[in-house]
$ cat model_28.txt   # compact mmCIF, C-alpha atoms
# COMPACT_ATOMS: atom_id res chain seq x y z
CA MET V 1 0.00 0.00 0.00
CA ALA V 2 1.25 3.48 -0.80
CA HIS V 3 2.13 5.64 2.17
CA SER V 4 -0.84 7.92 1.49
CA ALA V 5 -2.33 7.96 4.97
CA VAL V 6 0.02 8.81 7.83
CA LEU V 7 -1.61 8.27 11.18
CA GLN V 8 -1.57 11.15 13.62
CA ARG V 9 0.02 10.17 16.88
CA CYS V 10 1.38 11.49 20.14
CA CYS V 11 4.34 9.92 21.90
CA VAL V 12 5.78 9.61 25.37
CA PRO V 13 9.53 9.49 24.70
CA ALA V 14 11.88 7.20 26.56
CA ARG V 15 13.39 8.97 29.57
CA GLY V 16 16.82 7.66 28.59
CA ASN V 17 18.27 5.70 25.68
CA HIS V 18 15.43 4.57 23.42
CA THR V 19 15.86 0.83 22.73
CA ALA V 20 12.24 -0.42 22.55
CA SER V 21 8.76 0.81 21.64
CA VAL V 22 5.13 0.22 22.62
CA VAL V 23 2.24 0.98 20.25
CA PHE V 24 -0.87 1.65 22.38
CA LEU V 25 -4.14 1.77 20.39
CA HIS V 26 -7.15 3.62 21.80
CA GLY V 27 -10.77 2.46 21.90
CA SER V 28 -13.53 3.47 19.50
CA GLY V 29 -14.26 7.18 19.26
CA ASP V 30 -11.14 8.18 21.19
CA THR V 31 -7.79 9.60 20.05
CA GLY V 32 -4.16 8.92 20.83
CA SER V 33 -3.88 12.09 22.90
CA GLY V 34 -7.20 11.27 24.59
CA ILE V 35 -6.14 7.88 25.92
CA ARG V 36 -2.71 9.21 26.87
CA SER V 37 -4.40 11.93 28.96
CA ARG V 38 -6.78 9.46 30.59
CA ILE V 39 -3.91 7.15 31.55
CA LYS V 40 -2.01 10.11 32.96
CA GLU V 41 -5.03 11.04 35.10
CA ILE V 42 -5.33 7.47 36.41
CA LEU V 43 -1.63 7.04 37.20
CA ASP V 44 -0.91 10.68 38.15
CA GLU V 45 1.94 10.52 35.63
CA ASP V 46 2.61 9.65 32.01
CA PHE V 47 2.80 6.01 30.94
CA SER V 48 6.57 6.26 30.59
CA PHE V 49 9.69 4.12 30.80
CA GLN V 50 13.42 4.68 30.96
CA HIS V 51 14.19 2.99 27.62
CA ILE V 52 10.79 2.55 25.93
CA LYS V 53 8.98 5.04 23.71
CA VAL V 54 5.17 4.77 23.92
CA ILE V 55 3.30 5.68 20.73
CA PHE V 56 -0.41 6.57 20.85
CA PRO V 57 -1.73 6.72 17.26
CA THR V 58 -5.16 8.11 16.38
CA ALA V 59 -7.50 6.08 14.20
CA PRO V 60 -8.78 7.73 11.00
CA GLU V 61 -12.37 8.93 10.91
CA ARG V 62 -14.73 6.51 9.15
CA PRO V 63 -18.45 5.81 9.15
CA TYR V 64 -19.26 3.55 12.12
CA THR V 65 -22.27 1.30 11.75
CA PRO V 66 -23.07 0.96 15.52
CA MET V 67 -23.41 4.79 15.52
CA MET V 68 -25.85 4.76 12.57
CA GLY V 69 -23.03 5.47 10.14
CA ALA V 70 -21.80 8.64 11.86
CA LEU V 71 -18.11 9.45 11.46
CA SER V 72 -15.95 8.26 14.34
CA THR V 73 -12.26 7.63 15.03
CA VAL V 74 -12.40 3.84 14.93
CA TRP V 75 -9.79 1.32 13.81
CA PHE V 76 -12.42 -0.60 11.86
CA ASP V 77 -16.15 -0.80 11.34
CA ARG V 78 -18.38 -3.32 13.08
CA TYR V 79 -21.69 -4.64 11.83
CA LYS V 80 -22.66 -4.75 15.50
CA ILE V 81 -20.91 -4.89 18.87
CA SER V 82 -21.16 -8.62 19.37
CA ASN V 83 -18.80 -11.58 19.30
CA ASP V 84 -21.06 -13.58 16.98
CA SER V 85 -21.03 -11.00 14.17
CA PRO V 86 -18.87 -11.31 11.03
CA GLU V 87 -15.80 -9.07 10.94
CA HIS V 88 -15.69 -6.01 8.68
CA LEU V 89 -12.59 -7.20 6.88
CA GLU V 90 -12.22 -4.33 4.41
CA SER V 91 -11.80 -1.73 7.15
CA ILE V 92 -9.59 -4.04 9.22
CA GLU V 93 -7.23 -4.53 6.28
CA SER V 94 -7.13 -0.80 5.53
CA THR V 95 -6.05 -0.01 9.07
CA CYS V 96 -3.55 -2.89 9.21
CA ASN V 97 -1.80 -1.31 6.24
CA MET V 98 -1.55 2.07 7.99
CA LEU V 99 -0.30 0.53 11.21
CA ASN V 100 2.17 -1.63 9.30
CA ASP V 101 3.68 1.62 8.02
CA LEU V 102 3.96 2.96 11.58
CA ILE V 103 5.72 -0.22 12.74
CA GLU V 104 8.10 -0.05 9.80
CA GLU V 105 8.95 3.54 10.81
CA GLU V 106 10.11 2.20 14.19
CA VAL V 107 12.12 -0.57 12.53
CA ASP V 108 13.71 1.94 10.15
CA SER V 109 14.70 4.09 13.14
CA GLY V 110 16.65 1.17 14.60
CA ILE V 111 14.12 -0.63 16.84
CA PRO V 112 13.90 -4.33 15.88
CA LYS V 113 10.51 -6.08 15.80
CA ASN V 114 11.40 -8.16 18.85
CA ARG V 115 11.75 -4.92 20.81
CA ILE V 116 8.20 -3.76 20.01
CA VAL V 117 5.01 -4.51 21.96
CA LEU V 118 1.59 -3.96 20.36
CA GLY V 119 -1.59 -3.46 22.36
CA GLY V 120 -4.62 -1.41 23.14
CA PHE V 121 -7.89 -0.81 24.93
CA SER V 122 -11.20 -2.24 23.67
CA MET V 123 -11.23 -2.02 19.85
CA GLY V 124 -7.55 -1.08 20.05
CA GLY V 125 -6.75 -4.41 21.68
CA ALA V 126 -8.62 -6.28 18.95
CA MET V 127 -6.71 -4.33 16.31
CA ALA V 128 -3.41 -5.18 18.02
CA MET V 129 -4.25 -8.89 17.93
CA HIS V 130 -4.99 -8.69 14.19
CA LEU V 131 -1.77 -6.78 13.62
CA ALA V 132 0.51 -9.06 15.62
CA TYR V 133 -0.86 -12.51 14.92
CA ARG V 134 -1.46 -11.96 11.20
CA TYR V 135 1.34 -9.59 10.17
CA HIS V 136 4.00 -9.19 12.88
CA PRO V 137 4.42 -12.50 14.74
CA THR V 138 7.97 -11.62 15.80
CA VAL V 139 6.98 -8.69 18.05
CA ALA V 140 7.83 -9.04 21.75
CA GLY V 141 4.24 -9.28 22.97
CA VAL V 142 0.60 -8.22 22.64
CA PHE V 143 -1.78 -6.77 25.23
CA ALA V 144 -5.55 -6.40 25.05
CA LEU V 145 -7.51 -4.52 27.72
CA SER V 146 -11.31 -5.02 27.70
CA SER V 147 -11.05 -6.49 24.20
CA PHE V 148 -12.35 -9.44 22.20
CA LEU V 149 -12.19 -11.14 18.81
CA ASN V 150 -15.31 -12.27 16.97
CA LYS V 151 -16.08 -16.00 17.09
CA SER V 152 -15.26 -16.41 13.37
CA SER V 153 -12.24 -14.05 13.46
CA ILE V 154 -9.78 -14.24 10.59
CA VAL V 155 -7.09 -14.20 13.29
CA TYR V 156 -8.16 -17.69 14.37
CA GLN V 157 -8.14 -18.89 10.78
CA ALA V 158 -4.63 -17.48 10.28
CA LEU V 159 -3.26 -19.31 13.33
CA LYS V 160 -4.56 -22.76 12.47
CA ASN V 161 -1.67 -25.12 11.67
CA ASN V 162 0.77 -22.26 12.29
CA PRO V 163 4.24 -23.61 13.21
CA ILE V 164 5.70 -20.19 14.14
CA ARG V 165 6.33 -19.27 17.77
CA LEU V 166 3.80 -16.55 18.56
CA PRO V 167 4.06 -13.48 20.80
CA GLU V 168 2.62 -13.80 24.28
CA LEU V 169 -0.83 -12.25 24.92
CA TYR V 170 -1.59 -10.32 28.11
CA GLN V 171 -5.29 -9.64 28.71
CA CYS V 172 -7.19 -7.72 31.40
CA HIS V 173 -10.97 -7.41 31.58
CA GLY V 174 -13.40 -5.87 34.05
CA THR V 175 -15.93 -8.29 35.51
CA SER V 176 -18.66 -5.59 35.38
CA ASP V 177 -18.06 -4.58 31.73
CA GLU V 178 -21.49 -4.12 30.12
CA LEU V 179 -20.27 -3.11 26.64
CA VAL V 180 -17.69 -5.82 25.96
CA MET V 181 -18.71 -8.83 28.01
CA HIS V 182 -16.09 -10.35 30.30
CA SER V 183 -17.02 -13.75 28.81
CA TRP V 184 -16.08 -12.51 25.30
CA GLY V 185 -12.60 -11.67 26.51
CA GLU V 186 -12.31 -15.04 28.25
CA GLU V 187 -13.40 -16.87 25.10
CA THR V 188 -10.87 -14.95 22.98
CA ASN V 189 -8.14 -15.93 25.42
CA ARG V 190 -9.23 -19.56 25.47
CA VAL V 191 -9.33 -19.89 21.67
CA LEU V 192 -5.97 -18.19 21.15
CA SER V 193 -4.44 -20.43 23.81
CA SER V 194 -5.81 -23.50 21.99
CA LEU V 195 -4.10 -22.23 18.82
CA GLY V 196 -0.66 -22.08 20.42
CA VAL V 197 -0.52 -18.58 21.90
CA VAL V 198 0.91 -18.29 25.42
CA THR V 199 -1.73 -16.25 27.22
CA SER V 200 -2.61 -14.77 30.58
CA PHE V 201 -6.03 -13.40 31.57
CA HIS V 202 -6.58 -11.05 34.49
CA SER V 203 -10.10 -10.35 35.71
CA ILE V 204 -10.48 -6.94 37.37
CA PRO V 205 -13.31 -7.10 39.96
CA ASN V 206 -16.11 -4.52 39.67
CA LEU V 207 -14.47 -2.74 36.73
CA TYR V 208 -16.70 -1.47 33.92
CA HIS V 209 -15.57 -0.71 30.36
CA GLU V 210 -12.69 1.47 31.47
CA LEU V 211 -9.05 1.46 32.50
CA SER V 212 -7.91 1.11 36.10
CA ARG V 213 -4.75 1.96 37.99
CA ASP V 214 -4.29 -1.67 39.04
CA GLU V 215 -4.34 -3.05 35.49
CA LEU V 216 -2.09 -0.27 34.14
CA GLU V 217 0.49 -0.92 36.86
CA LYS V 218 0.38 -4.66 36.14
CA LEU V 219 0.62 -3.94 32.41
CA SER V 220 3.66 -1.74 32.99
CA SER V 221 5.40 -4.59 34.84
CA TRP V 222 4.53 -7.05 32.07
CA ILE V 223 5.87 -4.68 29.39
CA LEU V 224 9.17 -4.44 31.28
CA GLU V 225 9.36 -8.25 31.35
CA LYS V 226 8.88 -8.36 27.57
CA LEU V 227 11.12 -5.34 26.88
CA PRO V 228 13.89 -5.32 29.48
CA GLU V 229 16.58 -2.69 29.29
CA ASP V 230 19.14 -3.82 26.71
CA THR V 231 22.33 -1.82 26.72
CA ASP V 232 23.55 -3.73 23.65
CA VAL V 233 20.80 -2.27 21.46
CA GLU V 234 21.83 1.01 19.94
CA ASN V 235 19.27 3.30 18.41
CA GLU V 236 20.47 6.10 16.22
CA GLY V 237 16.93 7.10 15.15

$ encode --input "model_28.txt" --output "structure tokens"
Amino acid sequence: MAHSAVLQRCCVPARGNHTASVVFLHGSGDTGSGIRSRIKEILDEDFSFQHIKVIFPTAPERPYTPMMGALSTVWFDRYKISNDSPEHLESIESTCNMLNDLIEEEVDSGIPKNRIVLGGFSMGGAMAMHLAYRYHPTVAGVFALSSFLNKSSIVYQALKNNPIRLPELYQCHGTSDELVMHSWGEETNRVLSSLGVVTSFHSIPNLYHELSRDELEKLSSWILEKLPEDTDVENEG
């Protein structure tokens, strides 16, 4: 795909030598700067690391069927918010191409794929799973917060009979989520595990469809496990 659509993004730079990157994808209707600000409010500080740059891209505006076709910043369209609906593959592929370009920018700047973690909240987590397990299986890890894949997801089809070692999946989900059911997240985790993905699933008691300090702190620790400081990696980007 031609580099015709460059995604807007905001970044939290590494506090020291930049040797790894995290791509954090927002939920539907949000923006990169919006989710960065919300995380900062929850943690009382930026989501920052000594050696890791955190990139918060913003999804392009597109008509969103669950909002009666109104324009919204969503990574892809949905026929409905349900795990038994078909996926809107055309919009998923369009966004994968744009995010592939963003990942290649990081690689070109000197950050190898195995020093990149992909993840997101809600729809952003689903997008990260598509991106990693279909296009970038050598990334360091994937996280999905309050996210799910549809029962017939093309991700599942892509992983069948796949001999490649896959990146670990870290999931968190609120038990009181009324938009994306906790059971949908559990099922996603169970199916991916059956297809060879090393997974963990963390239920957050009494949490609705939102982020919490507890899960962000746990996520931060998991990211550092996947992307430890590596003084041998030089980045001249």

$ closest_residue --input "model_28.txt" --among "V:Thr138, V:Thr175, V:Thr65, V:Asn161" --to "Arg78 (chain V)" --atoms "all atoms listed in the file"
V:Thr65

$ residues_around --input "model_28.txt" --residues "Val197 (chain V)" --least-positions-apart "6" --cutoff "7 Å" --atoms "all atoms listed in the file" --output "compact mmCIF listing (two decimals) with C-alpha atoms, in the frame of the given file"
# COMPACT_ATOMS: atom_id res chain seq x y z
CA LEU V 166 3.80 -16.55 18.56
CA PRO V 167 4.06 -13.48 20.80
CA GLU V 168 2.62 -13.80 24.28

$ closest_atom_pairs --input "model_28.txt" --of "region 108-210 of chain V" --to "region 33-39 of chain V" --cutoff "12 Å" --atoms "only C-alpha atoms" --output "JSON lines"
{"residue": "V:Gly120", "atom": "CA", "partner": "V:Ile35", "partner_atom": "CA", "distance": 9.8}
{"residue": "V:Phe121", "atom": "CA", "partner": "V:Ile35", "partner_atom": "CA", "distance": 8.9}
{"residue": "V:Ser122", "atom": "CA", "partner": "V:Ile35", "partner_atom": "CA", "distance": 11.5}
{"residue": "V:Gly124", "atom": "CA", "partner": "V:Ile35", "partner_atom": "CA", "distance": 10.8}
{"residue": "V:Glu210", "atom": "CA", "partner": "V:Arg38", "partner_atom": "CA", "distance": 10.0}

$ write_last_selection --input "model_28.txt" --atoms "C-alpha atoms" --output "PDB file, in the coordinates of the input"
ATOM      1  CA  GLY V 120      -4.620  -1.410  23.140  1.00  0.00           C
ATOM      2  CA  PHE V 121      -7.890  -0.810  24.930  1.00  0.00           C
ATOM      3  CA  SER V 122     -11.200  -2.240  23.670  1.00  0.00           C
ATOM      4  CA  GLY V 124      -7.550  -1.080  20.050  1.00  0.00           C
ATOM      5  CA  GLU V 210     -12.690   1.470  31.470  1.00  0.00           C
TER       6      GLU V 210
END

$ residues_around --input "model_28.txt" --residues "Tyr64 (chain V)" --least-positions-apart "5" --cutoff "9 Å" --atoms "only C-alpha atoms" --output "PDB file with C-alpha atoms, in the frame of the given file"
ATOM      1  CA  GLY V  69     -23.030   5.470  10.140  1.00  0.00           C
ATOM      2  CA  ALA V  70     -21.800   8.640  11.860  1.00  0.00           C
ATOM      3  CA  LEU V  71     -18.110   9.450  11.460  1.00  0.00           C
ATOM      4  CA  SER V  72     -15.950   8.260  14.340  1.00  0.00           C
ATOM      5  CA  THR V  73     -12.260   7.630  15.030  1.00  0.00           C
ATOM      6  CA  VAL V  74     -12.400   3.840  14.930  1.00  0.00           C
ATOM      7  CA  PHE V  76     -12.420  -0.600  11.860  1.00  0.00           C
ATOM      8  CA  ASP V  77     -16.150  -0.800  11.340  1.00  0.00           C
ATOM      9  CA  ARG V  78     -18.380  -3.320  13.080  1.00  0.00           C
ATOM     10  CA  TYR V  79     -21.690  -4.640  11.830  1.00  0.00           C
TER      11      TYR V  79
END

$ closest_residue --input "model_28.txt" --among "V:Leu159, V:Leu89, V:Ala140, V:Cys96" --to "Leu195 (chain V)" --atoms "only C-alpha atoms"
V:Leu159

$ residues_near_point --input "model_28.txt" --point "(4.1, 9.1, 20.4)" --cutoff "12 Å" --atoms "only C-alpha atoms" --output "PyMOL selection string"
chain V and resi 7-14+21-25+31-33+35-36+46-48+52-58+102+106

$ residues_around --input "model_28.txt" --residues "Gln50 (chain V)" --least-positions-apart "3" --cutoff "8 Å" --atoms "all atoms listed in the file" --output "PDB file with C-alpha atoms, in the coordinates of the input"
ATOM      1  CA  ALA V  14      11.880   7.200  26.560  1.00  0.00           C
ATOM      2  CA  ARG V  15      13.390   8.970  29.570  1.00  0.00           C
ATOM      3  CA  GLY V  16      16.820   7.660  28.590  1.00  0.00           C
ATOM      4  CA  ASN V  17      18.270   5.700  25.680  1.00  0.00           C
ATOM      5  CA  HIS V  18      15.430   4.570  23.420  1.00  0.00           C
TER       6      HIS V  18
END

$ atom_distance --input "model_28.txt" --atom1 "CA of Pro86 (chain V)" --atom2 "CA of Tyr208 (chain V)"
25.0 Å

$ residues_around --input "model_28.txt" --residues "Gln171 (chain V)" --least-positions-apart "2" --cutoff "12 Å" --atoms "all atoms listed in the file" --output "MDAnalysis selection string"
chainID V and resid 119:122 125:126 128:129 141:148 168:169 173:174 182 184:190 192:193 198:204 215:216 218:219 222
